[in-house]
>>> print(open('query-v2.pdb').read())   # PDB, C-alpha atoms
ATOM      1  CA  MET A   1      12.196  15.046  -9.828
ATOM      2  CA  ASN A   2      10.914  14.884  -6.254
ATOM      3  CA  ILE A   3       8.212  12.423  -5.275
ATOM      4  CA  LEU A   4       6.390  12.537  -1.957
ATOM      5  CA  LEU A   5       4.441   9.631  -0.483
ATOM      6  CA  VAL A   6       1.941  10.527   2.212
ATOM      7  CA  CYS A   7       0.183   8.335   4.755
ATOM      8  CA  VAL A   8      -1.005   8.666   8.344
ATOM      9  CA  ALA A   9       2.362   8.373  10.066
ATOM     10  CA  GLY A  10       4.741   8.055   7.111
ATOM     11  CA  MET A  11       5.614   4.589   8.373
ATOM     12  CA  SER A  12       4.336   1.950   5.982
ATOM     13  CA  THR A  13       4.976   4.177   2.970
ATOM     14  CA  SER A  14       8.658   4.332   4.000
ATOM     15  CA  LEU A  15       8.936   0.681   3.044
ATOM     16  CA  LEU A  16       7.397   1.394  -0.341
ATOM     17  CA  VAL A  17       9.790   4.334  -0.791
ATOM     18  CA  ARG A  18      12.734   1.975  -0.367
ATOM     19  CA  LYS A  19      11.355  -0.294  -3.098
ATOM     20  CA  MET A  20      10.778   2.659  -5.401
ATOM     21  CA  GLU A  21      14.329   3.914  -4.824
ATOM     22  CA  ILE A  22      15.760   0.534  -5.774
ATOM     23  CA  GLU A  23      13.658   0.544  -8.947
ATOM     24  CA  ALA A  24      14.632   4.145  -9.769
ATOM     25  CA  SER A  25      18.346   3.509  -9.358
ATOM     26  CA  SER A  26      18.139   0.362 -11.500
ATOM     27  CA  ARG A  27      16.630   2.527 -14.235
ATOM     28  CA  GLY A  28      19.279   5.189 -13.674
ATOM     29  CA  LEU A  29      16.679   7.835 -12.836
ATOM     30  CA  ASP A  30      17.524  10.921 -10.819
ATOM     31  CA  VAL A  31      14.592  11.095  -8.410
ATOM     32  CA  LYS A  32      14.246  11.963  -4.765
ATOM     33  CA  ILE A  33      11.544   9.985  -2.986
ATOM     34  CA  MET A  34      10.358  10.648   0.535
ATOM     35  CA  ALA A  35       7.590   9.470   2.872
ATOM     36  CA  LYS A  36       5.878  11.916   5.222
ATOM     37  CA  ALA A  37       2.941  12.001   7.576
ATOM     38  CA  ILE A  38      -0.152  13.832   6.379
ATOM     39  CA  ASP A  39       0.151  16.365   9.198
ATOM     40  CA  ASP A  40       3.476  17.430   7.732
ATOM     41  CA  LEU A  41       2.200  17.814   4.161
ATOM     42  CA  GLU A  42       1.514  21.551   4.252
ATOM     43  CA  ASN A  43       5.058  22.283   5.459
ATOM     44  CA  VAL A  44       6.852  20.269   2.814
ATOM     45  CA  ILE A  45       4.600  20.195  -0.258
ATOM     46  CA  ASP A  46       6.523  23.008  -2.022
ATOM     47  CA  GLU A  47       9.631  20.830  -2.244
ATOM     48  CA  TYR A  48       7.926  18.103  -4.303
ATOM     49  CA  ASP A  49       6.700  17.690  -7.869
ATOM     50  CA  VAL A  50       4.150  14.929  -7.372
ATOM     51  CA  ILE A  51       2.330  13.557  -4.363
ATOM     52  CA  LEU A  52       1.143   9.983  -3.916
ATOM     53  CA  LEU A  53      -1.297   9.043  -1.167
ATOM     54  CA  GLY A  54      -1.428   5.703   0.585
ATOM     55  CA  PRO A  55      -4.922   4.160   0.370
ATOM     56  CA  GLN A  56      -5.221   4.427   4.158
ATOM     57  CA  ILE A  57      -5.387   8.218   3.850
ATOM     58  CA  LYS A  58      -7.845   8.287   0.942
ATOM     59  CA  TYR A  59     -10.578   9.560   3.258
ATOM     60  CA  LYS A  60      -8.664  12.839   3.441
ATOM     61  CA  GLU A  61      -8.596  13.229  -0.338
ATOM     62  CA  PRO A  62     -10.852  16.344  -0.384
ATOM     63  CA  TYR A  63      -8.333  18.176   1.827
ATOM     64  CA  ILE A  64      -5.391  17.043  -0.298
ATOM     65  CA  LYS A  65      -7.168  17.877  -3.546
ATOM     66  CA  LYS A  66      -7.684  21.452  -2.382
ATOM     67  CA  LEU A  67      -4.108  21.828  -1.159
ATOM     68  CA  ALA A  68      -2.669  20.329  -4.363
ATOM     69  CA  GLN A  69      -4.763  22.705  -6.483
ATOM     70  CA  GLN A  70      -3.598  25.714  -4.456
ATOM     71  CA  LYS A  71       0.005  24.706  -4.873
ATOM     72  CA  GLY A  72      -0.342  23.561  -8.489
ATOM     73  CA  LYS A  73       0.794  20.023  -7.676
ATOM     74  CA  LYS A  74      -0.404  16.751  -9.115
ATOM     75  CA  TYR A  75      -1.436  13.918  -6.828
ATOM     76  CA  SER A  76      -2.860  10.420  -7.027
ATOM     77  CA  VAL A  77      -4.078   7.767  -4.596
ATOM     78  CA  ILE A  78      -2.045   4.561  -4.818
ATOM     79  CA  PRO A  79      -4.507   1.773  -5.690
ATOM     80  CA  SER A  80      -4.900  -0.789  -2.896
ATOM     81  CA  MET A  81      -3.779  -3.705  -5.062
ATOM     82  CA  MET A  82      -0.543  -1.919  -5.973
ATOM     83  CA  TYR A  83      -0.040  -0.944  -2.359
ATOM     84  CA  GLY A  84      -0.848  -4.430  -1.092
ATOM     85  CA  MET A  85       1.828  -5.928  -3.329
ATOM     86  CA  VAL A  86       4.324  -3.284  -2.105
ATOM     87  CA  ASP A  87       5.020  -2.792  -5.804
ATOM     88  CA  GLY A  88       7.830  -0.241  -6.139
ATOM     89  CA  LYS A  89       7.956  -0.558  -9.916
ATOM     90  CA  GLU A  90       4.261   0.183 -10.549
ATOM     91  CA  THR A  91       4.204   2.938  -7.949
ATOM     92  CA  LEU A  92       7.209   4.622  -9.547
ATOM     93  CA  ASP A  93       5.476   4.414 -12.942
ATOM     94  CA  LEU A  94       2.385   6.010 -11.392
ATOM     95  CA  ALA A  95       4.470   8.936 -10.141
ATOM     96  CA  LEU A  96       6.288   9.359 -13.459
ATOM     97  CA  LYS A  97       3.005   9.336 -15.374
ATOM     98  CA  LEU A  98       1.614  12.065 -13.094
ATOM     99  CA  LYS A  99       4.599  14.295 -13.867
ATOM    100  CA  ASP A 100       4.059  14.101 -17.656
TER
ATOM    101  CA  MET B   1       1.377 -13.900   0.909
ATOM    102  CA  SER B   2       4.676 -12.621   2.279
ATOM    103  CA  PHE B   3       4.769 -10.870   5.645
ATOM    104  CA  GLU B   4       5.160  -7.546   3.872
ATOM    105  CA  GLU B   5       2.148  -8.201   1.657
ATOM    106  CA  ILE B   6       0.037  -9.203   4.655
ATOM    107  CA  VAL B   7       0.827  -5.913   6.395
ATOM    108  CA  PHE B   8       0.243  -3.801   3.303
ATOM    109  CA  ASN B   9      -2.967  -5.582   2.406
ATOM    110  CA  ILE B  10      -4.404  -5.063   5.886
ATOM    111  CA  ILE B  11      -3.478  -1.368   5.722
ATOM    112  CA  GLY B  12      -4.760  -0.952   2.153
ATOM    113  CA  TYR B  13      -8.129  -2.626   2.684
ATOM    114  CA  SER B  14      -8.611  -0.819   6.009
ATOM    115  CA  GLY B  15      -7.861   2.467   4.271
ATOM    116  CA  ASP B  16     -10.335   1.816   1.468
ATOM    117  CA  SER B  17     -12.973   0.871   4.008
ATOM    118  CA  LYS B  18     -12.413   4.040   6.006
ATOM    119  CA  ALA B  19     -12.525   6.198   2.860
ATOM    120  CA  TYR B  20     -15.862   4.684   1.744
ATOM    121  CA  CYS B  21     -17.171   5.170   5.273
ATOM    122  CA  PHE B  22     -16.448   8.889   5.306
ATOM    123  CA  GLN B  23     -17.865   9.255   1.789
ATOM    124  CA  SER B  24     -20.987   7.495   3.039
ATOM    125  CA  LEU B  25     -21.264   9.976   5.906
ATOM    126  CA  SER B  26     -20.875  12.887   3.471
ATOM    127  CA  ALA B  27     -23.684  11.463   1.324
ATOM    128  CA  ALA B  28     -25.895  11.238   4.412
ATOM    129  CA  ARG B  29     -25.134  14.863   5.223
ATOM    130  CA  GLU B  30     -26.249  15.799   1.696
ATOM    131  CA  GLY B  31     -29.418  13.763   2.188
ATOM    132  CA  ASP B  32     -28.533  11.211  -0.510
ATOM    133  CA  PHE B  33     -29.338   8.070   1.449
ATOM    134  CA  LYS B  34     -29.257   5.734  -1.539
ATOM    135  CA  GLU B  35     -25.666   6.723  -2.249
ATOM    136  CA  CYS B  36     -24.952   6.627   1.475
ATOM    137  CA  ASP B  37     -26.141   3.005   1.818
ATOM    138  CA  GLU B  38     -24.229   1.879  -1.264
ATOM    139  CA  LEU B  39     -21.004   3.409   0.008
ATOM    140  CA  MET B  40     -21.483   1.850   3.430
ATOM    141  CA  GLU B  41     -21.879  -1.577   1.803
ATOM    142  CA  LYS B  42     -18.621  -1.028  -0.063
ATOM    143  CA  SER B  43     -16.954   0.021   3.168
ATOM    144  CA  LYS B  44     -18.099  -3.161   4.897
ATOM    145  CA  ALA B  45     -16.907  -5.338   2.018
ATOM    146  CA  GLU B  46     -13.407  -3.820   2.178
ATOM    147  CA  LEU B  47     -13.229  -4.139   5.948
ATOM    148  CA  LEU B  48     -14.203  -7.787   5.625
ATOM    149  CA  LYS B  49     -11.241  -8.396   3.304
ATOM    150  CA  ALA B  50      -8.878  -6.965   5.918
ATOM    151  CA  HIS B  51     -10.592  -9.051   8.596
ATOM    152  CA  HIS B  52     -10.187 -12.231   6.552
ATOM    153  CA  ILE B  53      -6.417 -11.764   6.460
ATOM    154  CA  GLN B  54      -6.479 -11.110  10.200
ATOM    155  CA  THR B  55      -8.622 -14.159  10.956
ATOM    156  CA  LYS B  56      -6.355 -16.373   8.868
ATOM    157  CA  MET B  57      -3.335 -15.182  10.849
ATOM    158  CA  ILE B  58      -5.040 -15.817  14.174
ATOM    159  CA  GLN B  59      -6.106 -19.282  13.060
ATOM    160  CA  GLU B  60      -2.567 -20.085  11.965
ATOM    161  CA  GLU B  61      -1.188 -18.918  15.274
ATOM    162  CA  ALA B  62      -3.783 -20.960  17.152
ATOM    163  CA  SER B  63      -2.729 -24.034  15.207
ATOM    164  CA  GLY B  64       0.882 -23.542  16.274
ATOM    165  CA  THR B  65       2.445 -21.441  13.493
ATOM    166  CA  LYS B  66       4.164 -18.570  15.215
ATOM    167  CA  GLN B  67       3.417 -15.211  13.582
ATOM    168  CA  GLU B  68       6.035 -12.578  12.993
ATOM    169  CA  LEU B  69       5.352  -9.588  15.228
ATOM    170  CA  ASN B  70       7.052  -6.242  14.786
ATOM    171  CA  LEU B  71       6.202  -2.545  14.784
ATOM    172  CA  LEU B  72       4.924  -2.672  11.199
ATOM    173  CA  MET B  73       2.391  -5.380  12.069
ATOM    174  CA  VAL B  74       1.295  -3.412  15.154
ATOM    175  CA  HIS B  75       0.846  -0.439  12.820
ATOM    176  CA  ALA B  76      -1.309  -2.499  10.453
ATOM    177  CA  GLN B  77      -3.461  -3.638  13.373
ATOM    178  CA  ASP B  78      -3.823   0.006  14.354
ATOM    179  CA  HIS B  79      -5.190   0.828  10.895
ATOM    180  CA  LEU B  80      -7.601  -2.083  11.008
ATOM    181  CA  MET B  81      -8.894  -1.086  14.428
ATOM    182  CA  ASN B  82      -9.306   2.521  13.310
ATOM    183  CA  ALA B  83     -11.305   1.473  10.260
ATOM    184  CA  ALA B  84     -13.507  -0.838  12.334
ATOM    185  CA  LEU B  85     -14.234   1.880  14.893
ATOM    186  CA  ALA B  86     -14.867   4.477  12.174
ATOM    187  CA  LYS B  87     -17.435   2.168  10.585
ATOM    188  CA  ASP B  88     -19.265   1.464  13.856
ATOM    189  CA  LEU B  89     -19.443   5.128  14.810
ATOM    190  CA  ILE B  90     -20.328   6.370  11.344
ATOM    191  CA  GLU B  91     -23.155   3.847  11.079
ATOM    192  CA  GLU B  92     -24.618   5.395  14.228
ATOM    193  CA  MET B  93     -24.131   8.918  12.866
ATOM    194  CA  ILE B  94     -25.889   7.983   9.642
ATOM    195  CA  LEU B  95     -28.828   6.648  11.650
ATOM    196  CA  MET B  96     -29.035  10.056  13.277
ATOM    197  CA  TYR B  97     -29.041  11.820   9.911
ATOM    198  CA  LYS B  98     -31.807   9.478   8.760
ATOM    199  CA  LYS B  99     -33.826  10.061  11.907
ATOM    200  CA  PHE B 100     -33.622  13.838  11.768
ATOM    201  CA  LYS B 101     -33.962  14.379   8.025
TER
END
>>> encode(input="query-v2.pdb", output="structure tokens")
Amino acid sequence: MNILLVCVAGMSTSLLVRKMEIEASSRGLDVKIMAKAIDDLENVIDEYDVILLGPQIKYKEPYIKKLAQQKGKKYSVIPSMMYGMVDGKETLDLALKLKD
Amino acid sequence: MSFEEIVFNIIGYSGDSKAYCFQSLSAAREGDFKECDELMEKSKAELLKAHHIQTKMIQEEASGTKQELNLLMVHAQDHLMNAALAKDLIEEMILMYKKFK
């Protein structure tokens, strides 16, 4: 399963990706998790199963909603509280739930 | 709050504020000024939360506690500034929508 995290520059989400990877490997899950900038989303979206947005990019949700529908992908905005805690465990659960 | 949490909270609250702001502007464009005002209030409340974290850091630094400064913190400040500017400009734009409705 491939999970993509998207924010403005792909910078802060990279940190969250690291936490999610640690959580995934401790659960023995085979997932690929990446962080990308929103401007790159259209080029890479095909390679991923689910897309998570950082709360800082929520204002672009209408654009992402349309793109996700076109491509048949599921997406969700990471809630600010979860993001603020840099909670890799909860964020991974959010991605897994989207896939189901 | 750990350094990491400070950074992510500033970014998260700034992001929520900016999102509400743009939703508020969309509501104004649709002529729904009640919705527009409510969303703008929410935007301000979120921005204030980010500002509180910021103010606390500045106060701590002023009282002699050195703050950690790296690229991630600069990035968080960038988000906060963006959200603050978006709010100020969008408030003006909404006034225009109200004036010309």
>>> atom_distance(input="query-v2.pdb", atom1="atom CA of B:Gln59", atom2="atom CA of B:Ile6")
14.5 Å
>>> atom_distance(input="query-v2.pdb", atom1="atom CA of B:Met96", atom2="atom CA of A:Lys58")
24.6 Å
>>> closest_atom_pairs(input="query-v2.pdb", of="stretch 35-62 of chain B", to="stretch 63-87 of chain A", cutoff="12 Å", atoms="all atoms listed in the file", output="Markdown table")
| residue | atom | partner | partner_atom | distance |
| --- | --- | --- | --- | --- |
| B:Glu46 | CA | A:Ser80 | CA | 10.4 |
| B:Lys49 | CA | A:Ser80 | CA | 11.7 |
| B:Ala50 | CA | A:Gly84 | CA | 11.0 |
| B:Ile53 | CA | A:Gly84 | CA | 11.9 |
>>> residues_around(input="query-v2.pdb", residues="B:Asp32", least_positions_apart="5", cutoff="12 Å", atoms="only C-alpha atoms", output="list of chain:residue names")
B:Gln23, B:Ser24, B:Leu25, B:Ser26, B:Ala27, B:Asp37, B:Glu38, B:Leu39, B:Ile94, B:Tyr97, B:Lys98, B:Lys101
>>> interface_residues(input="query-v2.pdb", of="chain B", to="chain A", cutoff="10 Å", atoms="all atoms listed in the file", output="ChimeraX atom specification")
/B:1-2,4-23,71-73,75-76,79-80,83
>>> axis_aligned_box(input="query-v2.pdb", around="stretch 78-96 of chain B", padding_each_side="3 Å", output="AutoDock Vina command-line options")
--center_x -16.4 --center_y 4.0 --center_z 12.3 --size_x 31.2 --size_y 18.1 --size_z 11.3
>>> closest_residue(input="query-v2.pdb", among="A:Gly10, A:Lys89, A:Leu4, A:Leu94", to="A:Asp39", atoms="only C-alpha atoms")
A:Gly10
>>> atom_distance(input="query-v2.pdb", atom1="atom CA of B:Glu92", atom2="atom CA of B:Ala45")
18.0 Å
>>> residues_near_point(input="query-v2.pdb", point="(12.1, 3.1, -12.4)", cutoff="12 Å", atoms="all atoms listed in the file", output="list in words")
Val17, Lys19, Met20, Glu21, Ile22, Glu23, Ala24, Ser25, Ser26, Arg27, Gly28, Leu29, Asp30, Val31, Lys32, Ile33, Asp87, Gly88, Lys89, Glu90, Thr91, Leu92, Asp93, Leu94, Ala95, Leu96 and Lys97 of chain A
